[in-house]
file run_27.cif (mmCIF, C-alpha atoms and all ligand atoms)
data_work
#
loop_
_atom_site.label_atom_id
_atom_site.label_comp_id
_atom_site.auth_asym_id
_atom_site.auth_seq_id
_atom_site.Cartn_x
_atom_site.Cartn_y
_atom_site.Cartn_z
CA MET A 490 -51.82 53.10 24.00
CA PHE A 491 -50.37 56.01 25.91
CA ILE A 492 -48.79 58.77 23.80
CA THR A 493 -46.54 61.27 25.50
CA PRO A 494 -46.82 64.97 24.53
CA LYS A 495 -43.37 64.67 22.95
CA GLN A 496 -44.54 61.83 20.72
CA GLN A 497 -47.59 63.87 19.82
CA LEU A 498 -45.34 66.73 18.75
CA TYR A 499 -43.16 64.41 16.67
CA SER A 500 -46.15 62.95 14.91
CA LYS A 501 -47.29 66.48 14.02
CA TYR A 502 -43.85 67.20 12.55
CA ALA A 503 -44.01 63.96 10.56
CA LEU A 504 -47.44 64.88 9.19
CA ALA A 505 -46.25 68.36 8.22
CA ALA A 506 -43.17 66.92 6.47
CA ALA A 507 -45.33 64.43 4.55
CA LEU A 508 -47.67 67.24 3.44
CA ILE A 509 -44.77 69.35 2.20
CA PHE A 510 -43.68 66.48 -0.05
CA ILE A 511 -47.15 65.50 -1.24
CA TRP A 512 -48.52 69.01 -1.77
CA PRO A 513 -46.91 69.72 -5.18
CA THR A 514 -48.29 66.49 -6.62
CA MET A 515 -51.79 67.51 -5.50
CA GLN A 516 -51.69 70.77 -7.43
CA VAL A 517 -53.74 70.82 -10.60
CA HIS A 518 -52.42 73.24 -13.15
CA ALA A 519 -55.25 75.41 -14.32
CA ASP A 520 -53.65 75.96 -17.73
CA GLU A 521 -53.45 72.24 -18.50
CA ILE A 522 -56.40 70.75 -20.28
CA ALA A 523 -57.34 67.34 -18.93
CA LEU A 524 -56.63 64.66 -21.53
CA LYS A 525 -59.36 62.39 -22.81
CA PRO A 526 -59.68 59.26 -20.73
CA VAL A 527 -58.65 56.14 -22.64
CA LYS A 528 -58.01 52.56 -21.73
CA ILE A 529 -54.53 51.68 -23.01
CA THR A 530 -54.29 47.90 -23.35
CA MET A 531 -51.42 45.67 -24.35
CA ASP A 532 -53.18 42.58 -25.64
CA ARG A 533 -51.89 41.18 -28.93
CA ASN A 534 -55.01 42.05 -30.94
CA THR A 535 -54.94 45.73 -29.91
CA LEU A 536 -51.20 46.01 -30.52
CA GLN A 537 -51.44 44.43 -33.98
CA LYS A 538 -54.34 46.71 -34.96
CA GLY A 539 -52.40 49.67 -33.60
CA LEU A 540 -49.33 48.73 -35.63
CA ALA A 541 -51.54 48.60 -38.74
CA VAL A 542 -52.88 52.13 -38.04
CA TYR A 543 -49.31 53.32 -37.59
CA THR A 544 -47.99 51.73 -40.81
CA ASP A 545 -51.09 52.66 -42.87
CA ILE A 546 -51.48 56.26 -41.70
CA CYS A 547 -48.96 57.73 -39.27
CA MET A 548 -45.88 56.33 -40.99
CA GLY A 549 -46.74 58.50 -43.96
CA CYS A 550 -45.03 61.25 -41.95
CA HIS A 551 -43.67 59.87 -38.66
CA SER A 552 -40.65 57.53 -38.55
CA MET A 553 -39.57 55.21 -35.76
CA ARG A 554 -35.81 55.44 -35.80
CA TYR A 555 -35.28 53.00 -32.93
CA VAL A 556 -37.61 50.25 -34.11
CA SER A 557 -36.63 47.85 -36.88
CA TYR A 558 -38.79 45.41 -38.83
CA ARG A 559 -36.98 42.63 -37.05
CA ASP A 560 -37.89 44.13 -33.67
CA LEU A 561 -41.55 43.81 -34.63
CA MET A 562 -41.01 40.08 -35.18
CA GLU A 563 -39.04 39.61 -32.02
CA TYR A 564 -41.47 41.14 -29.54
CA PRO A 565 -43.63 38.19 -28.44
CA GLU A 566 -46.38 40.61 -27.38
CA LEU A 567 -46.76 41.70 -31.00
CA HIS A 568 -46.21 38.33 -32.60
CA ILE A 569 -45.59 39.52 -36.16
CA SER A 570 -44.74 36.69 -38.55
CA ARG A 571 -41.80 36.77 -40.95
CA THR A 572 -44.23 36.93 -43.90
CA LYS A 573 -45.96 39.94 -42.37
CA ALA A 574 -42.65 41.64 -41.60
CA ASP A 575 -41.49 41.01 -45.17
CA ALA A 576 -44.70 42.51 -46.52
CA LEU A 577 -44.23 45.59 -44.34
CA ARG A 578 -40.58 46.16 -45.16
CA GLY A 579 -40.80 45.76 -48.94
CA GLU A 580 -37.37 46.62 -50.30
CA ASN A 581 -35.99 47.59 -46.88
CA ALA A 582 -33.63 45.32 -44.96
CA LEU A 583 -35.12 43.37 -42.06
CA THR A 584 -32.81 45.25 -39.72
CA ALA A 585 -33.76 48.66 -41.15
CA PRO A 586 -35.69 51.06 -38.93
CA LEU A 587 -39.29 51.98 -39.73
CA LYS A 588 -38.68 55.08 -41.79
CA SER A 589 -41.32 57.30 -43.28
CA PRO A 590 -41.06 57.85 -47.03
CA LEU A 591 -41.47 61.57 -46.31
CA SER A 592 -37.99 63.08 -46.21
CA GLU A 593 -37.13 65.68 -43.61
CA GLU A 594 -36.63 68.31 -46.32
CA ASP A 595 -40.04 67.63 -47.85
CA ALA A 596 -41.66 67.67 -44.42
CA LYS A 597 -40.17 71.08 -43.73
CA VAL A 598 -41.48 72.37 -47.04
CA SER A 599 -44.97 70.93 -46.51
CA TYR A 600 -45.46 71.39 -42.77
CA GLY A 601 -42.72 73.76 -41.74
CA ILE A 602 -41.51 71.17 -39.26
CA VAL A 603 -40.22 67.59 -39.19
CA PRO A 604 -42.87 65.31 -37.63
CA PRO A 605 -41.48 63.96 -34.35
CA ASP A 606 -40.04 60.45 -34.30
CA MET A 607 -42.51 58.04 -32.73
CA SER A 608 -40.17 55.42 -31.20
CA VAL A 609 -40.35 56.99 -27.78
CA LEU A 610 -42.99 59.70 -28.23
CA ALA A 611 -45.38 58.11 -25.71
CA LYS A 612 -42.65 58.16 -23.09
CA ALA A 613 -41.52 61.67 -23.93
CA ARG A 614 -44.92 63.33 -23.49
CA VAL A 615 -46.85 63.88 -20.28
CA GLY A 616 -49.90 61.67 -20.46
CA GLY A 617 -48.24 59.16 -22.85
CA GLY A 618 -50.87 57.16 -24.70
CA ALA A 619 -53.69 59.41 -23.50
CA TYR A 620 -51.87 62.42 -24.96
CA ILE A 621 -51.51 60.75 -28.37
CA TYR A 622 -55.14 59.62 -28.25
CA SER A 623 -56.32 63.11 -27.30
CA ILE A 624 -54.28 64.81 -30.03
CA ILE A 625 -55.54 62.66 -32.89
CA THR A 626 -59.17 62.96 -31.70
CA GLY A 627 -58.76 66.58 -30.64
CA PHE A 628 -59.22 68.43 -33.93
CA ALA A 629 -61.96 71.06 -33.73
CA HIS A 630 -63.05 74.38 -35.20
CA ASP A 631 -61.21 77.31 -33.67
CA PRO A 632 -63.86 79.28 -31.77
CA SER A 633 -61.99 82.51 -32.59
CA GLY A 634 -61.68 81.50 -36.25
CA ARG A 635 -57.98 82.41 -36.37
CA ILE A 636 -56.46 78.96 -36.78
CA PRO A 637 -57.60 77.20 -39.96
CA ASP A 638 -59.58 73.98 -39.79
CA GLY A 639 -57.35 70.95 -39.53
CA ASN A 640 -54.69 72.86 -37.64
CA TYR A 641 -56.71 73.69 -34.54
CA ASN A 642 -56.29 71.09 -31.84
CA LEU A 643 -57.81 71.20 -28.36
CA TYR A 644 -54.97 69.29 -26.75
CA PHE A 645 -51.86 70.59 -28.49
CA PRO A 646 -49.98 73.29 -26.55
CA GLY A 647 -50.99 76.61 -28.09
CA HIS A 648 -53.74 74.78 -30.06
CA ARG A 649 -52.02 75.29 -33.42
CA ILE A 650 -50.65 72.02 -34.76
CA ALA A 651 -48.82 71.52 -38.06
CA MET A 652 -50.25 68.01 -38.46
CA ASN A 653 -53.32 67.74 -40.65
CA ASP A 654 -56.01 65.66 -38.86
CA PRO A 655 -54.66 62.15 -39.73
CA LEU A 656 -57.81 60.17 -38.88
CA GLY A 657 -60.25 62.64 -40.39
CA TRP A 658 -61.72 63.46 -36.99
CA LEU A 659 -62.99 66.94 -37.79
CA ASP A 660 -66.64 66.89 -38.93
CA HIS A 661 -66.65 63.09 -38.94
CA ASP A 662 -69.90 61.26 -39.42
CA PRO A 663 -71.43 60.43 -36.01
CA GLY A 664 -71.76 56.85 -37.25
CA ASP A 665 -67.99 56.62 -37.66
CA GLU A 666 -67.16 57.88 -34.19
CA LYS A 667 -66.85 54.46 -32.60
CA ALA A 668 -64.48 53.16 -35.29
CA LEU A 669 -62.34 56.32 -35.16
CA LEU A 670 -62.04 56.19 -31.38
CA GLU A 671 -61.05 52.55 -31.62
CA GLN A 672 -58.38 53.31 -34.22
CA ALA A 673 -57.07 56.09 -32.00
CA ARG A 674 -57.02 53.84 -28.96
CA ASP A 675 -55.28 51.02 -30.85
CA VAL A 676 -52.52 53.25 -32.21
CA ALA A 677 -52.08 55.01 -28.85
CA SER A 678 -51.75 51.59 -27.19
CA PHE A 679 -49.25 50.41 -29.79
CA LEU A 680 -47.15 53.57 -29.45
CA THR A 681 -47.22 53.23 -25.66
CA PHE A 682 -46.02 49.66 -25.97
CA ILE A 683 -43.29 50.39 -28.52
CA SER A 684 -41.90 53.27 -26.45
CA ASP A 685 -41.05 50.73 -23.75
CA PRO A 686 -41.41 47.20 -25.15
CA HIS A 687 -40.24 45.48 -21.99
CA GLN A 688 -42.79 47.09 -19.71
CA ILE A 689 -45.15 44.09 -19.77
CA GLU A 690 -42.33 41.73 -18.86
CA ARG A 691 -41.18 44.11 -16.13
CA HIS A 692 -44.66 44.41 -14.64
CA ASN A 693 -44.96 40.63 -14.56
CA ILE A 694 -41.59 40.29 -12.83
CA GLY A 695 -42.75 43.02 -10.43
CA LYS A 696 -45.77 40.93 -9.50
CA TYR A 697 -43.56 37.90 -8.76
CA VAL A 698 -41.23 40.01 -6.67
CA MET A 699 -44.14 41.44 -4.68
CA GLY A 700 -45.55 37.95 -4.11
CA PHE A 701 -42.14 36.71 -3.03
CA MET A 702 -41.80 39.61 -0.58
CA VAL A 703 -45.20 38.86 0.94
CA ILE A 704 -44.33 35.18 1.41
CA ILE A 705 -40.92 36.00 2.89
CA THR A 706 -42.54 38.50 5.27
CA ILE A 707 -45.04 35.89 6.49
CA LEU A 708 -42.29 33.26 6.91
CA LEU A 709 -40.07 35.67 8.82
CA TRP A 710 -42.94 36.68 11.03
CA LEU A 711 -43.72 33.03 11.80
CA LEU A 712 -40.03 32.34 12.46
CA ASN A 713 -39.77 35.36 14.71
CA ARG A 714 -42.81 34.23 16.66
CA GLU A 715 -41.37 30.72 17.02
CA VAL A 716 -37.98 32.00 18.22
CA TRP A 717 -39.49 34.25 20.86
CA ARG A 718 -42.28 31.90 21.85
CA ASP A 719 -40.79 30.81 25.21
CA VAL A 720 -39.30 34.12 26.19
CA LYS A 721 -41.32 35.87 28.83
CA HIS A 722 -41.84 39.53 28.27
CA GLY A 723 -41.65 42.24 30.85
CA LEU A 724 -38.92 43.11 33.33
CA PRO A 725 -36.40 40.37 34.21
CA ASP A 726 -37.81 38.01 36.76
CA ALA A 727 -41.03 39.98 36.99
CA GLN A 728 -42.75 36.64 36.63
CA PHE A 729 -41.46 35.60 40.05
CA GLN A 730 -43.09 38.67 41.57
CA GLY A 731 -40.34 39.19 44.08
CA ARG A 732 -40.32 35.65 45.39
CA GLU A 733 -37.46 33.17 45.09
CA ARG A 734 -37.11 31.10 41.94
CA ARG A 735 -38.59 27.71 42.33
CA ASP A 736 -37.54 24.47 40.65
CA SER A 737 -40.84 24.49 38.79
CA ASP A 738 -39.88 27.84 37.21
CA ILE A 739 -36.67 26.38 35.84
CA ASP A 740 -38.62 23.47 34.51
CA ASN A 741 -40.91 25.92 32.87
CA ASP A 742 -37.98 27.75 31.22
CA GLN A 743 -36.59 24.59 29.68
CA ARG A 744 -39.87 23.56 28.17
CA GLU A 745 -39.63 23.35 24.36
C1 LIG A 801 -49.43 64.21 -43.10
C2 LIG A 801 -48.36 64.01 -42.16
C3 LIG A 801 -48.72 63.39 -40.83
C4 LIG A 801 -49.41 62.22 -40.59
C5 LIG A 801 -50.01 61.26 -41.60
C6 LIG A 801 -49.45 62.06 -39.15
N1 LIG A 801 -48.80 63.09 -38.55
FE1 LIG A 801 -48.62 63.40 -36.57
N2 LIG A 801 -47.60 65.10 -36.89
C7 LIG A 801 -47.26 65.61 -38.13
C8 LIG A 801 -46.53 66.85 -37.95
C9 LIG A 801 -46.00 67.72 -39.07
C10 LIG A 801 -46.45 67.07 -36.57
C11 LIG A 801 -45.76 68.23 -35.85
C12 LIG A 801 -46.86 69.15 -35.37
C13 LIG A 801 -46.36 70.39 -34.67
O1 LIG A 801 -45.34 70.33 -33.98
O2 LIG A 801 -47.04 71.42 -34.82
C14 LIG A 801 -47.14 65.96 -35.93
C15 LIG A 801 -47.31 65.82 -34.57
C16 LIG A 801 -47.94 64.77 -33.95
C17 LIG A 801 -48.16 64.67 -32.53
C18 LIG A 801 -47.75 65.69 -31.49
C19 LIG A 801 -46.33 65.41 -31.13
C20 LIG A 801 -45.76 66.34 -30.11
O3 LIG A 801 -44.71 66.93 -30.44
O4 LIG A 801 -46.29 66.49 -29.01
C21 LIG A 801 -48.78 63.48 -32.29
C22 LIG A 801 -49.21 62.91 -30.96
C23 LIG A 801 -48.97 62.86 -33.57
N3 LIG A 801 -48.46 63.66 -34.55
C24 LIG A 801 -49.57 61.64 -33.74
C25 LIG A 801 -49.85 61.09 -34.98
C26 LIG A 801 -50.51 59.80 -35.16
C27 LIG A 801 -50.91 58.86 -34.04
C28 LIG A 801 -50.65 59.63 -36.48
C29 LIG A 801 -51.31 58.48 -37.17
C30 LIG A 801 -52.67 58.19 -36.80
C31 LIG A 801 -50.08 60.80 -37.14
N4 LIG A 801 -49.59 61.64 -36.21
C32 LIG A 801 -50.05 60.99 -38.52
C33 LIG A 801 -47.58 65.05 -39.35
C34 LIG A 801 -48.32 63.92 -39.53
#
call {"tool": "encode", "arguments": {"input": "run_27.cif", "output": "structure tokens"}}
result
Amino acid sequence: MFITPKQQLYSKYALAAALIFIWPTMQVHADEIALKPVKITMDRNTLQKGLAVYTDICMGCHSMRYVSYRDLMEYPELHISRTKADALRGENALTAPLKSPLSEEDAKVSYGIVPPDMSVLAKARVGGGAYIYSIITGFAHDPSGRIPDGNYNLYFPGHRIAMNDPLGWLDHDPGDEKALLEQARDVASFLTFISDPHQIERHNIGKYVMGFMVIITILLWLLNREVWRDVKHGLPDAQFQGRERRDSDIDNDQRE
């Protein structure tokens, strides 16, 4: 293909413009610690185990204001039975939100801060599920010794966190590591799901739409080829190469 110098210039401009837009996304911020890699999955077993970790441990302090017991039953991905929902809610109404027994006042007294609501936490934080996973498996000893054990966290901004190591990660037995990581992954997956419960449905619809677009594109391409099949390309009448039209040419044009 022949490219004119003008076209070459334009393509350079286009490349430069693309780089200007892409460049900021390629920047790695030196002050950000990379989160722990984790495979967030949305299968029913993982989500149910994650819900159990949330209700058994995290809910001691963190509420989910925008999730009710009935919601848990109604999400087919979670598949929580009425009996299970009743057991979880106790005296609470089915339509009540998942509220921690820890009142905001008591939280302030104990931790100096109200633990953030978890309904949309995964969506609100950069890294989502991986951030949650990293935080709860990110307790360590402060190398400078300033921040007390249980409040030093590798992944929390500033490293000082008011939450006290909910899974007991610090100084855990090496034999327990696998189970703790699994608990962390399950609850991170559940919180990712609950922060956007229709994401699975949406992704599935997305796949159908993409498939539909591909099929439509192929059909249109075939149609286009069929429509233009008998049309000769090139300059008008170039096919006659300067000579007069003959009857056979007309015949040729009318061929199906
Ligand atoms: C004993 C109370 C308590 C329990 C139990 C608890 N948390 Fe927390 N959590 C807190 C408090 C308090 C904060 C606020 C920390 C801060 O801002 O310094 C917090 C903060 C967090 C944060 C950081 C939120 C942010 O603002 O970026 C995450 C993530 C988190 N908790 C996850 C969990 C998970 C998952 C569980 C269950 C496995 C859990 N927490 C159990 C008290 C608790």
call {"tool": "atom_distance", "arguments": {"input": "run_27.cif", "atom1": "atom CA of A:Ala582", "atom2": "atom CA of A:Arg554"}}
result
13.8 Å
call {"tool": "residues_near_ligand", "arguments": {"input": "run_27.cif", "ligand": "ligand LIG 801 (chain A)", "cutoff": "7 Å", "atoms": "all atoms listed in the file", "output": "NGL selection string"}}
result
:A and (542-543 or 546-551 or 596 or 600 or 602-605 or 614 or 620-621 or 624-625 or 645 or 649-653 or 655-656 or 673 or 676-677)
call {"tool": "residues_around", "arguments": {"input": "run_27.cif", "residues": "A:Ser684", "least_positions_apart": "5", "cutoff": "7 Å", "atoms": "all atoms listed in the file", "output": "list in words"}}
result
Ser608, Val609, Leu610, Ala611 and Lys612 of chain A
call {"tool": "atom_distance", "arguments": {"input": "run_27.cif", "atom1": "atom CA of A:Ala613", "atom2": "atom CA of A:Ile529"}}
result
16.4 Å
call {"tool": "atom_distance", "arguments": {"input": "run_27.cif", "atom1": "atom CA of A:Leu577", "atom2": "atom CA of A:Ser552"}}
result
13.7 Å
call {"tool": "build_atoms", "arguments": {"input": "run_27.cif", "residues": "stretch 710-722 of chain A", "atoms": "N, CA and C atoms", "output": "tab-separated table (two decimals), in the coordinates of the input"}}
result
chain	number	residue	atom	x	y	z
A	710	TRP	N	-42.09	36.38	9.88
A	710	TRP	CA	-42.94	36.68	11.03
A	710	TRP	C	-43.21	35.41	11.84
A	711	LEU	N	-43.48	34.31	11.11
A	711	LEU	CA	-43.72	33.03	11.80
A	711	LEU	C	-42.47	32.58	12.53
A	712	LEU	N	-41.31	32.74	11.87
A	712	LEU	CA	-40.03	32.34	12.46
A	712	LEU	C	-39.76	33.16	13.72
A	713	ASN	N	-39.98	34.45	13.60
A	713	ASN	CA	-39.77	35.36	14.71
A	713	ASN	C	-40.64	34.95	15.90
A	714	ARG	N	-41.89	34.61	15.60
A	714	ARG	CA	-42.81	34.23	16.66
A	714	ARG	C	-42.35	32.93	17.32
A	715	GLU	N	-41.83	32.00	16.50
A	715	GLU	CA	-41.37	30.72	17.02
A	715	GLU	C	-40.15	30.92	17.93
A	716	VAL	N	-39.20	31.76	17.47
A	716	VAL	CA	-37.98	32.00	18.22
A	716	VAL	C	-38.28	32.61	19.58
A	717	TRP	N	-39.22	33.53	19.61
A	717	TRP	CA	-39.49	34.25	20.86
A	717	TRP	C	-40.61	33.64	21.69
A	718	ARG	N	-41.09	32.49	21.24
A	718	ARG	CA	-42.28	31.90	21.85
A	718	ARG	C	-42.12	31.71	23.37
A	719	ASP	N	-40.97	31.16	23.80
A	719	ASP	CA	-40.79	30.81	25.21
A	719	ASP	C	-40.19	31.92	26.04
A	720	VAL	N	-39.92	33.03	25.42
A	720	VAL	CA	-39.30	34.12	26.19
A	720	VAL	C	-40.40	34.96	26.82
A	721	LYS	N	-40.30	35.09	28.12
A	721	LYS	CA	-41.32	35.87	28.83
A	721	LYS	C	-41.02	37.34	28.65
A	722	HIS	N	-42.05	38.10	28.44
A	722	HIS	CA	-41.84	39.53	28.27
A	722	HIS	C	-41.91	40.21	29.62
